[in-house]
Every structure is written in C-alpha cells, then in structure tokens.
Amino acid sequence: MKRTIVEVLLALGLIGAGVFGWMNWKEVQTVKGQAVELKAASEEAAKQTATSQGAVAAAEEQSAALKAQLAPLQAKVNQLEAIKAAMASGTTLADLEAAYKSQKSLSAERQVGLGALRMMTKGDDDPAALEAFRAALKLTDLGNRKNTMCAAQIALAAAGDKVAVMSECQPEAAHGPADTAAKSDAHGQPAAHGSNEKGKTKDAVAHAAPHWGYSGEMGPDRWGKEFPTCAKGKSQSPLDIVGPFVKARTSVSADYKEGPLTILNNGHTIQVNVPPGSKLRIDAKPYELLQFHFHRPSEERVEGKPMSMVVHFVHKSADGKLVVLGVLLKEGNENPGIKALWANMPRKEGPEVTPEGVKFNPGSLLPREFDFFSYEGSLTTPPCTEGVRFFILKSTVNVSAAQVADFPFDANARPVQSRNGREIITN
Ligand SMILES: [Zn+2]
C-alpha cells in the first residue's frame, strides 16, 4: 500500500517536474534533483514496508500459536466453572457427604476436601466445619497439604480468581516437562497406592514443583527456608548410628508380596510404588508397604561410616503412623533384584511406568536376618515431617560397583542430623 502511494507521488512529481521544466528550462536541474530524492524516498518506503510485512507475519504466527495453547486451557476453565457452579448449589456437598457416610473411616485427605467443600458451600463462619477442617489438616501429611493448596491456588488463578499463588507453587521452568506430582511422592507424600483423587489433581499439581535438591542453592542446608521443620525439627533423620543403645524386645518381620512393577524417576530418586498387600509387622501390628526408593550413598551412617547405597521401604499403619525400614547396600556381588529394577527404571525424570508383564517382589531386596537399630525420626526429604519410626537393619545386602555407578543420581543423601538426646534401640 505504502509503495503504491509513493509511486503515485513519484509519478505526480515527475509529471509536475516535466510541466515545470517545459515552462522553465532553467529549473530542470533542480527538478531532476527532486526526482532523485523522491526515488530514494520511494525505495526507503518500500524497504520499510517489507520489514513491517515480516513483522505482521511473525505476529500472526505468534497469535496462532497462542490460540492453540489457549484452547485446552479454556476447556479446563470451563470445567472449573462447572465445578464451582455445582458446588455453589450445595448438591455436590450433599452427594459427597452421603457417599462418604457409607464408609467406616474417612482418609484425612478426604476429610480436608470435604471440609474445604463445606466451607466453600456454607461459608467459613460455621465453627463446627472450621474445627473439623483444622483437625483434618493436622492429620494430613504436610506434603499432601501443600500440593492440595498449590493445586487449588493454581486452578483458581487459572479460572481468573484473584488469588495469590505461593512461590513454591509457581511453575519451575528448570525442572523441565516432567511430572512433578510424582516427584513429591518420594517421601513428602508417602501414599503411593495411586488413588483416583490424586489423578484428578495431577494436572494442576504438575506445575507446583517444590524447589529443593541436594546441592547449592537448593541444597539440604536451605530446605528450612521453605520447609521450616527441616531446620527447626528436633527429631530429624538420618542419624549416625552410634552407641550407647537401649535393648528392646520389639519384633520386626516383613511379609512382602510379588506384584506388577511400577517404577518412576521423580527427579530426586528412583522409586517403586508397591501395590497393596505387602506388610511389615512390628510386634504384630501391620504396616502397609507403600513404596521404596534409593539413596546414594546411604543416608544413615553406622559409627560414622556410610554404605554405598540404602533402600528405604516406606510403610503406613491403618492409624496413619509411618515406618521406614532401611536396608544398607554394601559394595560386592551384583544384586539380582536391583538388576531387574535398573533394567526397567526411567533414566530421566517423569511419570511412573508399569512395564508390561514385569513382576517384582520387594522381599528380594531384604537380608535374611532382621536385627535392627531403631529410632524416632522424620522424612529425609522436604517437608521433613517428624513422627516417622526408623528401623535400620544390621545385615547389609550386596550391590555391585557397576550397579551403584548405574544409579542415575550421583548424590541424593541428606547429611546426618543432630541426635538431640534420642534413644537408639536395638534388639
Ligand atoms: Zn529415603
């Protein structure tokens, strides 16, 4: 368009010049100069036009890409709007309360969800609802609670609510496209029997990566900034196991079952999520095995010395008590159980995989003897929640140097923590 205008101007100028020159021959040189100027102006304008056409094309491309990104988000916003509308009417709450009434015991997570729903539906001035919600929050694991809060904040923000999203819920570009919901499963969220509720919030949680690692800015000495218990807790794990010990008659036995292998790389460790049915018994009280995972080198030390690696088997009793069984791996012969796991582990961070036809028995990683050291400790990863009983077996199992080298994490062990007068018992 610009080019046409300039061309018309140029033509007019030349015609004008011709007429002018015909009328006044003396002015011909000046007119020629004007023509040259006009031609230069025309060329410049043409160049600019080309540039702006390029810019327009780029902008159009960008806007098309943005539109493509927005389409699936819009679907989610619509879904959320529908959920909000359903909740506002109170029927969702009534339905859920009725559905949950038939269950004997309600998980803490469901109680929290129900409490939140009750408050959103009935308002937050019902003291009984508030009290129930607080009690349920207390029961729930901190990691879960944070994920739930992040999911809610992110979902509300996406739907256009003016809600401040906590910094630890912000998407973390450096973590890449991996499933960070699985990441927080390591210890922070020990419930590993993949429930449907978890699946539902996974999309939102996937962008709520907690921000911690094993070195530098995100290293263990900085965990306390975002997760206060990690710095302020008085019974943190792991420990350096040194005497004096207190003798106890506690009996520990494992009844682990073979099942389909579900394994993931959560960016902090390799973790196996165990199907229901495997149990640890402590004085006959059963603790369900949820998951197990590895640290290199071992987090626990015995008289100051770490082993090549450790397996942490994470269990939970029906009343919510967590127990970790630690099996130290000592460099030696190849371990057939680890061979099977390493053959199926994802080398890059990502969601859990269940390779077809692969079965695994966690019992294959246990030593025969169950003599132990035991103490009260905490999760060894953020949020470092306390109230976790540790049993570290005295017998080690073998792992070959090549298998240690093949583990995708060079160093994922929290340093030993202050004992603060805690008893270490032994059988
Ligand atoms: Zn661990």
# chains A, B, ... in the order shown; residues from 1 in each chain; ligands from 1

call {"tool": "select_by_dssp", "arguments": {"residues": "segment 253-409 of chain A", "states": "strand (DSSP E)", "output": "VMD selection string"}}
result
chain A and resid 253 to 255 259 to 260 263 to 265 270 to 273 279 to 282 285 to 295 301 to 302 305 to 306 309 to 316 322 to 331 359 to 360 372 to 378 386 to 393 397 to 399

call {"tool": "residues_near_ligand", "arguments": {"ligand": "ligand 1", "cutoff": "9 Å", "atoms": "only C-alpha atoms and all ligand atoms", "output": "PyMOL selection string"}}
result
chain A and resi 186-187+238+269+292-295+299+310-314+324+326+379-381+413-414

call {"tool": "write_last_selection", "arguments": {"atoms": "N, CA and C atoms", "output": "tab-separated table (two decimals), in the first residue's frame"}}
result
chain	number	residue	atom	x	y	z
A	186	ALA	N	8.24	-38.89	46.70
A	186	ALA	CA	9.39	-39.61	47.23
A	186	ALA	C	9.21	-39.95	48.69
A	187	HIS	N	9.11	-38.92	49.50
A	187	HIS	CA	8.87	-39.18	50.92
A	187	HIS	C	7.82	-38.21	51.41
A	238	PRO	N	18.50	-38.33	58.48
A	238	PRO	CA	19.03	-39.58	59.05
A	238	PRO	C	19.94	-39.32	60.26
A	269	THR	N	15.03	-39.39	43.15
A	269	THR	CA	15.40	-40.77	43.39
A	269	THR	C	14.67	-41.68	42.40
A	292	PHE	N	9.15	-47.98	47.90
A	292	PHE	CA	10.54	-47.96	48.35
A	292	PHE	C	11.38	-47.22	47.33
A	293	HIS	N	12.52	-46.71	47.80
A	293	HIS	CA	13.36	-45.87	46.94
A	293	HIS	C	14.80	-45.93	47.46
A	294	PHE	N	15.69	-45.33	46.70
A	294	PHE	CA	17.12	-45.50	46.97
A	294	PHE	C	17.83	-44.17	47.24
A	295	HIS	N	18.88	-44.25	48.04
A	295	HIS	CA	19.78	-43.10	48.23
A	295	HIS	C	21.21	-43.56	48.00
A	299	GLU	N	22.01	-42.77	53.51
A	299	GLU	CA	21.83	-41.59	54.35
A	299	GLU	C	22.27	-41.88	55.77
A	310	VAL	N	21.41	-47.05	50.16
A	310	VAL	CA	20.43	-47.59	51.10
A	310	VAL	C	19.08	-47.66	50.38
A	311	VAL	N	18.28	-48.69	50.72
A	311	VAL	CA	16.88	-48.74	50.26
A	311	VAL	C	16.03	-48.34	51.44
A	312	HIS	N	15.09	-47.44	51.22
A	312	HIS	CA	14.11	-47.07	52.25
A	312	HIS	C	12.76	-47.65	51.86
A	313	PHE	N	12.25	-48.57	52.68
A	313	PHE	CA	10.91	-49.10	52.46
A	313	PHE	C	9.96	-48.29	53.34
A	314	VAL	N	9.01	-47.60	52.72
A	314	VAL	CA	8.12	-46.69	53.45
A	314	VAL	C	6.76	-47.36	53.69
A	324	VAL	N	9.77	-46.45	58.39
A	324	VAL	CA	10.71	-46.67	57.29
A	324	VAL	C	11.67	-47.79	57.70
A	326	GLY	N	15.12	-49.42	56.70
A	326	GLY	CA	16.30	-49.11	55.89
A	326	GLY	C	17.17	-50.35	55.71
A	379	LEU	N	10.82	-37.75	57.78
A	379	LEU	CA	11.10	-37.91	56.35
A	379	LEU	C	12.46	-37.28	56.10
A	380	THR	N	13.26	-37.87	55.23
A	380	THR	CA	14.60	-37.30	55.00
A	380	THR	C	14.60	-36.34	53.81
A	381	THR	N	13.41	-36.04	53.28
A	381	THR	CA	13.28	-35.03	52.23
A	381	THR	C	12.20	-34.05	52.66
A	413	ALA	N	21.68	-38.00	49.15
A	413	ALA	CA	21.57	-38.35	50.56
A	413	ALA	C	21.61	-37.08	51.41
A	414	ARG	N	20.63	-36.96	52.31
A	414	ARG	CA	20.64	-35.84	53.26
A	414	ARG	C	21.73	-36.13	54.30

call {"tool": "closest_residue", "arguments": {"among": "A:Ala284, A:Leu366, A:Val302, A:Ala94", "to": "Gly243 of chain A", "atoms": "only C-alpha atoms"}}
result
A:Val302

call {"tool": "closest_residue", "arguments": {"among": "A:Gln417, A:Ser253, A:Asn361, A:Ser374", "to": "Gly277 of chain A", "atoms": "only C-alpha atoms"}}
result
A:Asn361

call {"tool": "closest_residue", "arguments": {"among": "A:Lys359, A:His315, A:Pro336, A:Gly421", "to": "Arg281 of chain A", "atoms": "only C-alpha atoms"}}
result
A:His315

call {"tool": "residues_around", "arguments": {"residues": "Glu300 of chain A", "least_positions_apart": "6", "cutoff": "8 Å", "atoms": "only C-alpha atoms", "output": "list of chain:residue names"}}
result
A:Pro238, A:Leu239, A:Asp240, A:Ile241, A:Pro306, A:Val310, A:Val416

call {"tool": "write_last_selection", "arguments": {"atoms": "N, CA and C atoms", "output": "JSON list (two decimals), in the first residue's frame"}}
result
[["chain", "number", "residue", "atom", "x", "y", "z"],
["A", 238, "PRO", "N", 18.50, -38.33, 58.48],
["A", 238, "PRO", "CA", 19.03, -39.58, 59.05],
["A", 238, "PRO", "C", 19.94, -39.32, 60.26],
["A", 239, "LEU", "N", 20.32, -40.42, 60.91],
["A", 239, "LEU", "CA", 21.24, -40.32, 62.06],
["A", 239, "LEU", "C", 22.51, -41.11, 61.79],
["A", 240, "ASP", "N", 23.56, -40.69, 62.49],
["A", 240, "ASP", "CA", 24.75, -41.52, 62.59],
["A", 240, "ASP", "C", 24.48, -42.48, 63.75],
["A", 241, "ILE", "N", 24.49, -43.77, 63.47],
["A", 241, "ILE", "CA", 24.11, -44.75, 64.49],
["A", 241, "ILE", "C", 25.32, -45.13, 65.32],
["A", 306, "PRO", "N", 29.27, -44.27, 55.98],
["A", 306, "PRO", "CA", 28.14, -44.53, 55.09],
["A", 306, "PRO", "C", 28.40, -45.80, 54.28],
["A", 310, "VAL", "N", 21.41, -47.05, 50.16],
["A", 310, "VAL", "CA", 20.43, -47.59, 51.10],
["A", 310, "VAL", "C", 19.08, -47.66, 50.38],
["A", 416, "VAL", "N", 23.69, -36.44, 57.93],
["A", 416, "VAL", "CA", 23.16, -36.89, 59.22],
["A", 416, "VAL", "C", 22.78, -35.67, 60.07]]

call {"tool": "residues_around", "arguments": {"residues": "Lys394 of chain A", "least_positions_apart": "4", "cutoff": "8 Å", "atoms": "only C-alpha atoms", "output": "number ranges by chain"}}
result
A: 370-373

call {"tool": "atom_distance", "arguments": {"atom1": "atom CA of Val327 of chain A", "atom2": "atom CA of Asn420 of chain A"}}
result
23.8 Å

call {"tool": "closest_residue", "arguments": {"among": "A:Tyr214, A:Leu393, A:Lys305, A:Pro286", "to": "Arg368 of chain A", "atoms": "only C-alpha atoms"}}
result
A:Leu393

call {"tool": "residues_around", "arguments": {"residues": "Gly357 of chain A", "least_positions_apart": "6", "cutoff": "12 Å", "atoms": "only C-alpha atoms", "output": "VMD selection string"}}
result
chain A and resid 259 to 262 344

call {"tool": "residues_around", "arguments": {"residues": "Asn398 of chain A", "least_positions_apart": "2", "cutoff": "12 Å", "atoms": "only C-alpha atoms", "output": "PyMOL selection string"}}
result
chain A and resi 307-311+327-339+364-367+395-396+400-404
